[in-house]
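Shown next: query.pdb, given as PDB, C-alpha atoms.
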```
ATOM      1  CA  MET A   1      61.582   1.199 -32.277
ATOM      2  CA  SER A   2      60.825   4.865 -31.961
ATOM      3  CA  SER A   3      60.882   7.175 -34.933
ATOM      4  CA  ALA A   4      61.087  10.202 -32.681
ATOM      5  CA  SER A   5      64.126  12.419 -32.219
ATOM      6  CA  HIS A   6      65.841  11.667 -35.490
ATOM      7  CA  ALA A   7      66.341  15.273 -36.501
ATOM      8  CA  CYS A   8      69.918  16.406 -35.994
ATOM      9  CA  ALA A   9      70.621  18.514 -32.918
ATOM     10  CA  ASP A  10      72.884  20.871 -34.893
ATOM     11  CA  PRO A  11      70.790  23.192 -37.097
ATOM     12  CA  GLN A  12      73.703  23.339 -39.568
ATOM     13  CA  GLN A  13      73.343  19.611 -40.204
ATOM     14  CA  PRO A  14      70.679  18.265 -42.577
ATOM     15  CA  ARG A  15      67.555  16.663 -41.170
ATOM     16  CA  LEU A  16      67.995  12.911 -41.412
ATOM     17  CA  LEU A  17      65.268  10.284 -41.656
ATOM     18  CA  ARG A  18      65.833   6.764 -40.356
ATOM     19  CA  VAL A  19      65.701   4.245 -43.187
ATOM     20  CA  CYS A  20      66.898   0.964 -41.642
ATOM     21  CA  ARG A  21      68.937  -0.774 -38.967
ATOM     22  CA  ILE A  22      71.548  -3.289 -40.031
ATOM     23  CA  GLY A  23      71.094  -6.762 -38.570
ATOM     24  CA  ARG A  24      73.118  -9.906 -39.009
ATOM     25  CA  ALA A  25      75.438 -10.733 -41.886
ATOM     26  CA  GLN A  26      74.050 -12.791 -44.754
ATOM     27  CA  GLY A  27      76.435 -15.223 -46.410
ATOM     28  CA  LEU A  28      80.145 -14.669 -47.018
ATOM     29  CA  LYS A  29      80.238 -11.803 -49.554
ATOM     30  CA  GLY A  30      79.406  -8.818 -47.327
ATOM     31  CA  GLU A  31      75.609  -8.810 -47.518
ATOM     32  CA  VAL A  32      73.563  -7.749 -44.484
ATOM     33  CA  ASN A  33      69.962  -8.169 -43.395
ATOM     34  CA  VAL A  34      68.243  -4.888 -42.547
ATOM     35  CA  TYR A  35      65.217  -3.980 -40.450
ATOM     36  CA  SER A  36      63.482  -1.565 -42.777
ATOM     37  CA  TYR A  37      61.711   1.575 -41.512
ATOM     38  CA  THR A  38      60.998   3.150 -44.890
ATOM     39  CA  ASP A  39      57.717   3.054 -46.780
ATOM     40  CA  ASP A  40      59.610   3.099 -50.094
ATOM     41  CA  PRO A  41      62.320   0.413 -49.888
ATOM     42  CA  GLU A  42      62.575  -0.058 -53.663
ATOM     43  CA  ASP A  43      63.660   3.585 -54.002
ATOM     44  CA  ARG A  44      65.767   3.850 -50.824
ATOM     45  CA  TYR A  45      67.643   0.601 -51.508
ATOM     46  CA  ALA A  46      68.109   1.037 -55.273
ATOM     47  CA  ALA A  47      71.640   0.428 -56.528
ATOM     48  CA  GLY A  48      73.608   3.653 -56.181
ATOM     49  CA  SER A  49      71.493   5.003 -53.295
ATOM     50  CA  ARG A  50      73.493   6.623 -50.530
ATOM     51  CA  LEU A  51      72.660   6.141 -46.857
ATOM     52  CA  VAL A  52      74.490   7.579 -43.893
ATOM     53  CA  ALA A  53      75.197   6.390 -40.371
ATOM     54  CA  ARG A  54      74.789   9.217 -37.892
ATOM     55  CA  ALA A  55      77.747  10.075 -35.700
ATOM     56  CA  LYS A  56      77.342  10.303 -31.909
ATOM     57  CA  ASP A  57      77.072  14.118 -32.105
ATOM     58  CA  GLY A  58      74.092  13.833 -34.491
ATOM     59  CA  SER A  59      76.011  14.849 -37.594
ATOM     60  CA  ALA A  60      76.398  12.719 -40.706
ATOM     61  CA  GLY A  61      78.985   9.989 -40.252
ATOM     62  CA  ARG A  62      80.067   7.211 -42.607
ATOM     63  CA  TRP A  63      78.289   7.072 -45.968
ATOM     64  CA  PHE A  64      77.194   3.765 -47.504
ATOM     65  CA  THR A  65      76.426   3.255 -51.196
ATOM     66  CA  VAL A  66      74.019   0.436 -52.011
ATOM     67  CA  VAL A  67      75.497  -1.999 -54.539
ATOM     68  CA  SER A  68      72.600  -4.453 -54.559
ATOM     69  CA  ALA A  69      69.352  -5.113 -52.737
ATOM     70  CA  ARG A  70      66.963  -8.014 -52.735
ATOM     71  CA  ARG A  71      63.884  -8.903 -50.824
ATOM     72  CA  PHE A  72      63.584 -12.260 -49.116
ATOM     73  CA  LYS A  73      60.207 -12.904 -47.488
ATOM     74  CA  GLN A  74      59.618  -9.972 -45.082
ATOM     75  CA  ARG A  75      63.201  -8.692 -44.997
ATOM     76  CA  TRP A  76      65.692  -6.890 -47.183
ATOM     77  CA  ILE A  77      69.237  -8.035 -47.860
ATOM     78  CA  LEU A  78      71.649  -5.287 -48.930
ATOM     79  CA  ARG A  79      75.250  -5.139 -50.094
ATOM     80  CA  PHE A  80      77.254  -1.916 -49.745
ATOM     81  CA  SER A  81      80.308  -0.665 -51.565
ATOM     82  CA  GLY A  82      83.427  -1.372 -49.501
ATOM     83  CA  VAL A  83      81.828  -4.198 -47.505
ATOM     84  CA  ALA A  84      83.192  -7.273 -49.243
ATOM     85  CA  ASP A  85      83.241 -10.069 -46.676
ATOM     86  CA  ARG A  86      81.352 -11.536 -43.767
ATOM     87  CA  THR A  87      83.698 -10.021 -41.144
ATOM     88  CA  SER A  88      83.091  -6.495 -42.484
ATOM     89  CA  ALA A  89      79.346  -7.155 -42.629
ATOM     90  CA  GLU A  90      79.237  -8.482 -39.057
ATOM     91  CA  ALA A  91      80.948  -5.298 -37.814
ATOM     92  CA  LEU A  92      77.954  -3.259 -39.052
ATOM     93  CA  SER A  93      75.337  -5.067 -36.959
ATOM     94  CA  GLY A  94      73.169  -2.555 -35.098
ATOM     95  CA  VAL A  95      74.153   0.475 -37.209
ATOM     96  CA  GLU A  96      71.175   2.663 -38.131
ATOM     97  CA  LEU A  97      71.204   4.239 -41.581
ATOM     98  CA  PHE A  98      69.532   7.498 -42.562
ATOM     99  CA  CYS A  99      68.809   9.568 -45.645
ATOM    100  CA  GLU A 100      68.032  13.208 -46.235
ATOM    101  CA  PRO A 101      64.379  13.886 -47.033
ATOM    102  CA  GLY A 102      63.647  15.503 -50.314
ATOM    103  CA  PRO A 103      61.613  15.402 -53.467
ATOM    104  CA  LYS A 104      61.482  12.131 -55.328
ATOM    105  CA  ASN A 105      61.481  12.077 -59.109
ATOM    106  CA  GLY A 106      61.556  15.863 -59.264
ATOM    107  CA  GLY A 107      58.266  16.241 -57.370
ATOM    108  CA  GLU A 108      57.326  18.182 -54.279
ATOM    109  CA  ASP A 109      58.426  16.944 -50.879
ATOM    110  CA  ASP A 110      54.965  16.896 -49.348
ATOM    111  CA  ASP A 111      55.325  13.543 -47.612
ATOM    112  CA  ILE A 112      54.450  13.320 -43.956
ATOM    113  CA  TYR A 113      57.168  11.532 -42.038
ATOM    114  CA  LEU A 114      56.386   9.553 -38.896
ATOM    115  CA  GLU A 115      58.617  11.775 -36.790
ATOM    116  CA  ASP A 116      56.445  14.754 -37.823
ATOM    117  CA  LEU A 117      53.482  13.206 -35.980
ATOM    118  CA  VAL A 118      55.216  12.921 -32.604
ATOM    119  CA  GLY A 119      54.169  15.766 -30.337
ATOM    120  CA  LEU A 120      50.862  16.520 -32.071
ATOM    121  CA  ARG A 121      47.795  17.062 -29.881
ATOM    122  CA  ALA A 122      45.215  14.338 -30.493
ATOM    123  CA  GLN A 123      41.571  15.389 -30.511
ATOM    124  CA  LEU A 124      38.150  14.461 -31.807
ATOM    125  CA  LYS A 125      36.706  16.388 -34.754
ATOM    126  CA  ASP A 126      34.686  18.544 -32.326
ATOM    127  CA  GLY A 127      37.905  19.544 -30.511
ATOM    128  CA  THR A 128      37.564  17.224 -27.504
ATOM    129  CA  PRO A 129      41.151  16.580 -26.331
ATOM    130  CA  LEU A 130      42.326  12.965 -26.415
ATOM    131  CA  GLY A 131      45.968  13.434 -25.415
ATOM    132  CA  LYS A 132      49.235  13.692 -27.282
ATOM    133  CA  VAL A 133      51.025  11.543 -29.881
ATOM    134  CA  THR A 134      54.140  10.378 -28.030
ATOM    135  CA  ASP A 135      55.535   7.972 -30.627
ATOM    136  CA  ALA A 136      54.957   6.719 -34.152
ATOM    137  CA  ILE A 137      55.800   3.073 -34.672
ATOM    138  CA  ASP A 138      56.355   1.656 -38.141
ATOM    139  CA  SER A 139      55.756  -2.038 -37.524
ATOM    140  CA  PRO A 140      55.669  -4.745 -40.210
ATOM    141  CA  GLY A 141      51.879  -5.076 -39.904
ATOM    142  CA  GLN A 142      50.950  -1.397 -39.942
ATOM    143  CA  THR A 143      51.949   1.988 -38.628
ATOM    144  CA  LEU A 144      50.732   2.796 -35.109
ATOM    145  CA  LEU A 145      50.494   6.068 -33.230
ATOM    146  CA  GLU A 146      51.191   5.883 -29.512
ATOM    147  CA  VAL A 147      48.777   8.295 -27.839
ATOM    148  CA  THR A 148      49.298   9.264 -24.213
ATOM    149  CA  GLU A 149      45.879  10.187 -22.953
ATOM    150  CA  PRO A 150      45.136  13.050 -20.481
ATOM    151  CA  ARG A 151      45.275  10.859 -17.339
ATOM    152  CA  GLY A 152      48.405   9.012 -18.513
ATOM    153  CA  SER A 153      46.986   5.904 -20.185
ATOM    154  CA  VAL A 154      48.840   4.889 -23.340
ATOM    155  CA  SER A 155      46.954   3.532 -26.353
ATOM    156  CA  LEU A 156      48.141   2.365 -29.754
ATOM    157  CA  VAL A 157      46.094   3.812 -32.612
ATOM    158  CA  PRO A 158      46.314   2.346 -36.137
ATOM    159  CA  TYR A 159      47.449   5.067 -38.542
ATOM    160  CA  VAL A 160      44.718   4.503 -41.138
ATOM    161  CA  GLU A 161      42.413   7.056 -42.771
ATOM    162  CA  GLU A 162      39.262   5.735 -41.074
ATOM    163  CA  ILE A 163      40.731   6.372 -37.606
ATOM    164  CA  VAL A 164      43.083   9.282 -38.430
ATOM    165  CA  PRO A 165      41.010  11.251 -40.954
ATOM    166  CA  ASP A 166      42.767  14.609 -40.663
ATOM    167  CA  MET A 167      45.852  16.367 -39.344
ATOM    168  CA  ASP A 168      47.255  19.863 -39.371
ATOM    169  CA  LEU A 169      51.003  19.861 -38.808
ATOM    170  CA  GLU A 170      51.176  23.661 -38.624
ATOM    171  CA  ALA A 171      48.506  23.774 -35.908
ATOM    172  CA  GLY A 172      50.060  20.727 -34.176
ATOM    173  CA  VAL A 173      46.827  18.708 -34.236
ATOM    174  CA  VAL A 174      45.817  15.248 -35.368
ATOM    175  CA  VAL A 175      42.108  14.427 -35.525
ATOM    176  CA  LEU A 176      41.087  10.934 -34.438
ATOM    177  CA  ASN A 177      37.883   9.013 -35.064
ATOM    178  CA  PRO A 178      38.509   6.111 -32.677
ATOM    179  CA  PRO A 179      36.151   3.149 -32.574
ATOM    180  CA  VAL A 180      34.632   2.338 -29.174
ATOM    181  CA  GLY A 181      37.231   0.729 -26.909
ATOM    182  CA  LEU A 182      40.344   1.838 -28.797
ATOM    183  CA  LEU A 183      41.253   4.577 -26.327
ATOM    184  CA  GLN A 184      41.275   3.716 -22.642
ATOM    185  CA  GLU A 185      40.036   7.050 -21.291
ATOM    186  CA  LEU A 186      37.267   7.781 -23.810
TER     187      LEU A 186
END
```

Mind turning this structure into structure tokens?
Amino acid sequence: MSSASHACADPQQPRLLRVCRIGRAQGLKGEVNVYSYTDDPEDRYAAGSRLVARAKDGSAGRWFTVVSARRFKQRWILRFSGVADRTSAEALSGVELFCEPGPKNGGEDDDIYLEDLVGLRAQLKDGTPLGKVTDAIDSPGQTLLEVTEPRGSVSLVPYVEEIVPDMDLEAGVVVLNPPVGLLQEL
């Protein structure tokens, strides 16, 4: 469930952010269950929202317009324009949908996206190297950073302010304050 490598390979294509993966069909009227990767599902799945499936070459492929969305327990059920029956919905299983990043409600686009964290050098506040962030995992419980430590051990670090107090994307650094035992090589 990696969030890495979701920027388009072609610099002429817009940068796309993964929003969800379509799962099984729900009912007979074209609804689908989705595995959500977004931190703002109410906005991303609002009626009229447009999501795009990426083509094999990394460019934008088929566009989907959300007709309706509802939450059921820990999942989202969506219906798209042009998907009117169970057969059409079943054909979409496994399709990942993306959106273009940008300002919401007219504000600045200063959000940090999970894919921006992959590749950052992990270090303590005093500069002691801890390894490199090799993945960012948005799980239902919490977001985790996969840190590959200098000798190759891999640790999962909760992406919370107490443990990840600072980062500098321009410098390519994330500062960690790991509790004892979180990292294997520390």

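Comparing A:Val95, A:Ala69, A:Leu124, A:Ala136 by their smallest distance to Pro165 (chain A), the closest is A:Leu124 (using all atoms listed in the file).
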
Exercise. Counting all atoms listed in the file, what is within 6 Å of Val118 (chain A), bar same-chain residues fewer than 4 positions away, as a VMD selection string?
Worked result: chain A and resid 133 to 135

For this session: Just say which residues the PyMOL selection byres ((chain A and resi 27) around 12) picks in this file, as number ranges by chain.
Result: A: 24-26, 28-33, 77-79, 84-90

Exercise. Looking at only C-alpha atoms, which of A:Cys99, A:Leu145, A:Ile137, A:Val174 is the one that sits closest to Gln123 (chain A)?
Worked result: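 Of all the options, A:Val174 lies closest to Gln123 (chain A).
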
For this session: List, as a PyMOL selection string, every residue that the PyMOL selection byres ((chain A and resi 64) around 7) selects in the file provided.
Result: chain A and resi 50-52+62-63+65-66+80-81

Pull C-alpha atoms from the residues just selected and write them as a compact mmCIF listing (two decimals), in the frame of the given file.
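Writing done, so here's part09.txt:
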```
# COMPACT_ATOMS: atom_id res chain seq x y z
CA ARG A 50 73.49 6.62 -50.53
CA LEU A 51 72.66 6.14 -46.86
CA VAL A 52 74.49 7.58 -43.89
CA ARG A 62 80.07 7.21 -42.61
CA TRP A 63 78.29 7.07 -45.97
CA THR A 65 76.43 3.26 -51.20
CA VAL A 66 74.02 0.44 -52.01
CA PHE A 80 77.25 -1.92 -49.74
CA SER A 81 80.31 -0.66 -51.56
```

Show me, as a PDB file with C-alpha atoms, keeping the file's coordinate frame, the residues that have an atom within 10 Å of region 147-154 of chain A when counting all atoms listed in the file, minus same-chain residues fewer than 5 positions from it.
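around_30.pdb, freshly written:
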```pdb
ATOM      1  CA  VAL A 118      55.216  12.921 -32.604  1.00  0.00           C
ATOM      2  CA  GLY A 119      54.169  15.766 -30.337  1.00  0.00           C
ATOM      3  CA  LEU A 120      50.862  16.520 -32.071  1.00  0.00           C
ATOM      4  CA  ARG A 121      47.795  17.062 -29.881  1.00  0.00           C
ATOM      5  CA  ALA A 122      45.215  14.338 -30.493  1.00  0.00           C
ATOM      6  CA  PRO A 129      41.151  16.580 -26.331  1.00  0.00           C
ATOM      7  CA  LEU A 130      42.326  12.965 -26.415  1.00  0.00           C
ATOM      8  CA  GLY A 131      45.968  13.434 -25.415  1.00  0.00           C
ATOM      9  CA  LYS A 132      49.235  13.692 -27.282  1.00  0.00           C
ATOM     10  CA  VAL A 133      51.025  11.543 -29.881  1.00  0.00           C
ATOM     11  CA  THR A 134      54.140  10.378 -28.030  1.00  0.00           C
ATOM     12  CA  ASP A 135      55.535   7.972 -30.627  1.00  0.00           C
ATOM     13  CA  ALA A 136      54.957   6.719 -34.152  1.00  0.00           C
ATOM     14  CA  LEU A 183      41.253   4.577 -26.327  1.00  0.00           C
ATOM     15  CA  GLN A 184      41.275   3.716 -22.642  1.00  0.00           C
ATOM     16  CA  GLU A 185      40.036   7.050 -21.291  1.00  0.00           C
ATOM     17  CA  LEU A 186      37.267   7.781 -23.810  1.00  0.00           C
TER      18      LEU A 186
END
```

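Atom pair CA of Tyr45 (chain A) / CA of Trp76 (chain A) has a distance of 8.9 Å (rounded to one decimal).
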
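Among the candidate residues A:Asn177, A:Val34, A:Ile22, A:Leu182, the one lying nearest to Phe72 (chain A) is A:Val34, with distances computed using only C-alpha atoms.
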
Seminar exercise, completed: Of A:Glu146, A:Pro158, A:Glu100, A:Gly94, the one sitting nearest Pro179 (chain A) when using all atoms listed in the file is A:Pro158

Exercise. What's the 12 Å shell around Glu161 (chain A), counting all atoms listed in the file, without same-chain residues fewer than 6 positions away, as a VMD selection string?
Worked result: chain A and resid 143 167 174 to 178

For this session: One decimal, Å: what's the distance from CA of Thr38 (chain A) over to CA of Phe98 (chain A), could you say?
Result: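 Taking CA of Thr38 (chain A) as the start and CA of Phe98 (chain A) as the end point, the length is 9.9 Å.
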
Problem set entry | For CA of Leu92 (chain A) and CA of Arg75 (chain A), the interatomic separation in Å (one decimal) | 16.8 Å

For this session: Taking the file as shown, find all residues satisfying the PyMOL selection byres ((chain A and resi 40) around 12) and write them as an NGL selection string.
Result: :A and (19-20 or 36-39 or 41-46 or 104 or 111 or 113)
